[in-house]
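Student: Once you've had a glance at the structure underneath, I'll fire off some questions.
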Amino acid sequence: MSLSSNVLRAQLVKDLFRSHPTAIAQFNNYDAIKQYPFKNLPEVNESHDNQDLVVDKSITIGRANVGKSSLINELLCTKNLVRSSSKPGATKTLNFYQSNHLDPKFYLVDGPGYGNRGRPEWGQLFMTYATHRATLRRMFVLINASHGLKESDKLMLQDLHSLALTSTADLSSRVFPFSYQIVLTKLDEVVKRKDAPPDLLHSIQSEVHSIAPTCMPDLILTSTKIPTPGGESKMGINELRECIVEAGALV
């Protein structure tokens, strides 16, 4: 691809996410997702779970207070569409968001936080969704770069690795095996740390793929406080948008 083509594609991807995003619905159980009348979609037989029409291709998950809400607001070019709170556990449901210039069947899903400050039922909601949602294409697992992998992160990666192996082996239960990728958040905190080991990021990457070999190899490094050169976006946001577009085959 030529330089000019790369520039045009980058601009196209940016424009896709600058289109008055809207919050569609919140769900606290999987049956509610199956029964929800997503707008502009014809009725389908209940046995299809709307899955041949609704393409919620990406979901973000992570420990409570990992910075999901701030990251999604930055991703969708909005300040307060997603509730952001200094108190961990603000997200308690599966929240569906839509960007108006993307495929009308595409939804970005924000999952509840897990870990010590999450709740067991939130984790069960997510795992039910991940196991049964055939339209899911990629999960973005958010890890606080400054903290590294916590025990709850390791357990989540182990579960996703097992689920990915099961999905790949039994395609009858899913339309397409999902992929999952690590997004490191709060890189600004790493920059501030005087005691941060020089190989911190490489160490996290090695540990991730030791625990979950099916995880995509590349880490996405992000910060909602470090601007990119030129100030058009924040660190890693455009790369994350590219990954979402690629996973959903949106352009």
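By convention in this document, the chains of the structure tokens carry letters A, B, ... by their order, each chain's residues are numbered from 1, and ligands are numbered from 1 in the order they are shown.
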Which residues come within 7 Å of region 232-243 of chain A, counting only C-alpha atoms, excluding same-chain residues fewer than 2 positions away, as a PyMOL selection string?

Tutor: chain A and resi 13+75+220-228+230+245-247

Student: Selection from above, all heavy atoms, as a tab-separated table (two decimals), in the first residue's frame, can you write it?

Tutor:
```
chain	number	residue	atom	x	y	z
A	13	VAL	N	-10.47	5.87	8.69
A	13	VAL	CA	-10.69	5.21	9.97
A	13	VAL	C	-11.04	6.23	11.04
A	13	VAL	O	-11.96	6.03	11.84
A	13	VAL	CB	-9.45	4.38	10.37
A	13	VAL	CG1	-9.57	3.90	11.81
A	13	VAL	CG2	-9.27	3.19	9.43
A	75	LEU	N	-11.85	6.89	22.19
A	75	LEU	CA	-11.99	6.12	20.96
A	75	LEU	C	-13.13	6.66	20.11
A	75	LEU	O	-13.03	6.76	18.88
A	75	LEU	CB	-12.24	4.66	21.34
A	75	LEU	CG	-12.38	3.64	20.22
A	75	LEU	CD1	-11.03	3.42	19.53
A	75	LEU	CD2	-12.91	2.33	20.77
A	220	ILE	N	-1.33	-3.28	22.17
A	220	ILE	CA	-1.68	-1.91	21.80
A	220	ILE	C	-1.40	-1.03	23.01
A	220	ILE	O	-1.97	-1.23	24.08
A	220	ILE	CB	-3.16	-1.79	21.40
A	220	ILE	CG1	-3.49	-2.76	20.26
A	220	ILE	CG2	-3.48	-0.36	20.96
A	220	ILE	CD1	-4.96	-2.78	19.88
A	221	LEU	N	-0.49	-0.09	22.86
A	221	LEU	CA	-0.07	0.77	23.97
A	221	LEU	C	-0.86	2.06	23.93
A	221	LEU	O	-0.84	2.78	22.93
A	221	LEU	CB	1.43	1.06	23.87
A	221	LEU	CG	2.36	-0.14	23.64
A	221	LEU	CD1	3.81	0.31	23.59
A	221	LEU	CD2	2.15	-1.20	24.71
A	222	THR	N	-1.56	2.38	25.03
A	222	THR	CA	-2.44	3.55	25.02
A	222	THR	C	-2.28	4.41	26.26
A	222	THR	O	-1.82	3.96	27.30
A	222	THR	CB	-3.93	3.12	24.94
A	222	THR	OG1	-4.31	2.49	26.16
A	222	THR	CG2	-4.18	2.18	23.78
A	223	SER	N	-2.67	5.64	26.09
A	223	SER	CA	-2.82	6.57	27.21
A	223	SER	C	-3.81	7.64	26.77
A	223	SER	O	-3.73	8.15	25.66
A	223	SER	CB	-1.48	7.24	27.56
A	223	SER	OG	-1.70	8.32	28.46
A	224	THR	N	-4.76	7.96	27.62
A	224	THR	CA	-5.71	9.02	27.31
A	224	THR	C	-5.18	10.38	27.73
A	224	THR	O	-5.88	11.39	27.59
A	224	THR	CB	-7.07	8.77	28.00
A	224	THR	OG1	-6.86	8.70	29.42
A	224	THR	CG2	-7.69	7.48	27.52
A	225	LYS	N	-3.92	10.43	28.19
A	225	LYS	CA	-3.32	11.69	28.64
A	225	LYS	C	-2.10	12.09	27.82
A	225	LYS	O	-1.64	13.24	27.93
A	225	LYS	CB	-2.94	11.58	30.12
A	225	LYS	CG	-4.15	11.39	31.03
A	225	LYS	CD	-3.75	11.35	32.49
A	225	LYS	CE	-4.97	11.18	33.40
A	225	LYS	NZ	-4.61	11.13	34.84
A	226	ILE	N	-1.56	11.19	27.01
A	226	ILE	CA	-0.39	11.52	26.19
A	226	ILE	C	-0.85	11.76	24.76
A	226	ILE	O	-1.32	10.83	24.09
A	226	ILE	CB	0.65	10.38	26.21
A	226	ILE	CG1	1.15	10.13	27.64
A	226	ILE	CG2	1.82	10.71	25.29
A	226	ILE	CD1	2.15	8.98	27.75
A	227	PRO	N	-0.76	12.99	24.27
A	227	PRO	CA	-1.20	13.27	22.89
A	227	PRO	C	-0.21	12.73	21.87
A	227	PRO	O	0.98	12.58	22.14
A	227	PRO	CB	-1.27	14.80	22.85
A	227	PRO	CG	-0.26	15.24	23.86
A	227	PRO	CD	-0.27	14.20	24.95
A	228	THR	N	-0.72	12.41	20.69
A	228	THR	CA	0.14	12.01	19.59
A	228	THR	C	0.78	13.26	18.99
A	228	THR	O	0.30	14.38	19.22
A	228	THR	CB	-0.66	11.29	18.51
A	228	THR	OG1	-1.73	12.16	18.05
A	228	THR	CG2	-1.26	10.00	19.04
A	230	GLY	N	1.22	16.27	16.87
A	230	GLY	CA	0.18	17.01	16.18
A	230	GLY	C	-1.07	17.20	17.02
A	230	GLY	O	-1.91	18.05	16.73
A	245	VAL	N	-11.52	-1.85	13.22
A	245	VAL	CA	-11.94	-1.84	11.81
A	245	VAL	C	-11.50	-3.13	11.12
A	245	VAL	O	-12.27	-3.76	10.38
A	245	VAL	CB	-11.36	-0.61	11.09
A	245	VAL	CG1	-11.52	-0.75	9.58
A	245	VAL	CG2	-12.07	0.66	11.57
A	246	GLU	N	-10.27	-3.55	11.39
A	246	GLU	CA	-9.75	-4.76	10.78
A	246	GLU	C	-10.52	-6.00	11.24
A	246	GLU	O	-10.89	-6.87	10.47
A	246	GLU	CB	-8.26	-4.91	11.10
A	246	GLU	CG	-7.57	-6.13	10.50
A	246	GLU	CD	-7.64	-7.34	11.42
A	246	GLU	OE1	-7.66	-7.16	12.65
A	246	GLU	OE2	-7.69	-8.47	10.89
A	247	ALA	N	-10.79	-6.05	12.56
A	247	ALA	CA	-11.50	-7.21	13.11
A	247	ALA	C	-12.90	-7.31	12.55
A	247	ALA	O	-13.42	-8.42	12.32
A	247	ALA	CB	-11.55	-7.10	14.62
```

Student: I'd like the contact shell of Phe17 (chain A) - 12 Å cut-off, only C-alpha atoms, skipping same-chain residues fewer than 5 positions apart - returned as a ChimeraX atom specification.

Tutor: /A:10-12,22,72-78,97-103,106-108,233,237-238,240-242,244-245,250

Student: Using CA of Asp218 (chain A) and CA of Ser162 (chain A) as the two end points, give the distance in Å to one decimal.

Tutor: 19.6 Å

Student: Applying 6 Å and only C-alpha atoms, which residues near region 186-197 of chain A remain after dropping the ones on its own chain fewer than 2 positions away? List them as number ranges by chain.

Tutor: A: 145-146, 199-200, 223

Student: Based on the selection just made, write N, CA and C atoms of those residues as a PDB file, in the first residue's frame.

Tutor:
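The file below, out.pdb, is the result:
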```pdb
ATOM      1  N   ALA A 145      -0.829  -0.824  32.411  1.00  0.00           N
ATOM      2  CA  ALA A 145       0.586  -1.066  32.134  1.00  0.00           C
ATOM      3  C   ALA A 145       1.450  -0.883  33.366  1.00  0.00           C
ATOM      4  N   SER A 146       1.080   0.052  34.226  1.00  0.00           N
ATOM      5  CA  SER A 146       1.871   0.329  35.413  1.00  0.00           C
ATOM      6  C   SER A 146       1.771  -0.790  36.440  1.00  0.00           C
ATOM      7  N   ASP A 199      12.425  -3.188  30.844  1.00  0.00           N
ATOM      8  CA  ASP A 199      11.834  -4.251  30.033  1.00  0.00           C
ATOM      9  C   ASP A 199      10.400  -4.567  30.470  1.00  0.00           C
ATOM     10  N   LEU A 200       9.734  -3.592  31.139  1.00  0.00           N
ATOM     11  CA  LEU A 200       8.406  -3.824  31.688  1.00  0.00           C
ATOM     12  C   LEU A 200       7.423  -4.310  30.620  1.00  0.00           C
ATOM     13  N   SER A 223      -2.667   5.641  26.093  1.00  0.00           N
ATOM     14  CA  SER A 223      -2.820   6.574  27.207  1.00  0.00           C
ATOM     15  C   SER A 223      -3.808   7.637  26.768  1.00  0.00           C
TER      16      SER A 223
END
```

Student: I'd like the contact shell of Ile59 (chain A) - 6 Å cut-off, only C-alpha atoms, skipping same-chain residues fewer than 6 positions apart - returned as a list in words.

Tutor: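 Once the nearby chain positions are removed, what remains is Leu108, Val109, Asp110 and Met139 of chain A.
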
Student: Next, the residues of the selection above should be written as a short mmCIF file (atom, residue, chain, number, x, y, z; two decimals), in the first residue's frame with C-alpha atoms.

Tutor:
```
data_model
loop_
_atom_site.label_atom_id
_atom_site.label_comp_id
_atom_site.auth_asym_id
_atom_site.auth_seq_id
_atom_site.Cartn_x
_atom_site.Cartn_y
_atom_site.Cartn_z
CA LEU A 108 -18.92 -1.73 20.36
CA VAL A 109 -19.60 -3.38 23.70
CA ASP A 110 -18.23 -2.27 27.06
CA MET A 139 -12.16 -8.97 22.59
#
```

Student: So, with only C-alpha atoms as the atoms that count, which of A:His20, A:Arg83, A:Lys34, A:His209 lies closest to Lys154 (chain A)?

Tutor: A:His209

Student: List the spatial neighbours of Met156 (chain A) as an MDAnalysis selection string - criterion: any atom at most 12 Å away, only C-alpha atoms, same-chain residues fewer than 3 positions off excluded.

Tutor: chainID A and resid 61:63 113:115 123:124 126:127 130 139:143 149:153 159:163 180 182 208 211:212 215

Student: Counting only C-alpha atoms, figure out which residue out of A:Thr185, A:Phe178, A:Pro21, A:Asp15 gets nearest to Thr135 (chain A).

Tutor: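 Residue with the minimum atom-to-atom distance to Thr135 (chain A): A:Phe178.
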
Student: Which residue is closest to Arg137 (chain A)? Choose from A:Leu155, A:Leu201, A:Leu125, A:Ala164 and count only C-alpha atoms.

Tutor: A:Ala164

Student: Please identify which residues in region 108-239 of chain A DSSP calls alpha helix (DSSP H) from the backbone, and express them as a count of residues only.

Tutor: 53

Student: When you draw a straight line from CA of Arg18 (chain A) to CA of Ala134 (chain A), how long is it in Å?

Tutor: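 Here the two named atoms are 27.5 Å from each other.
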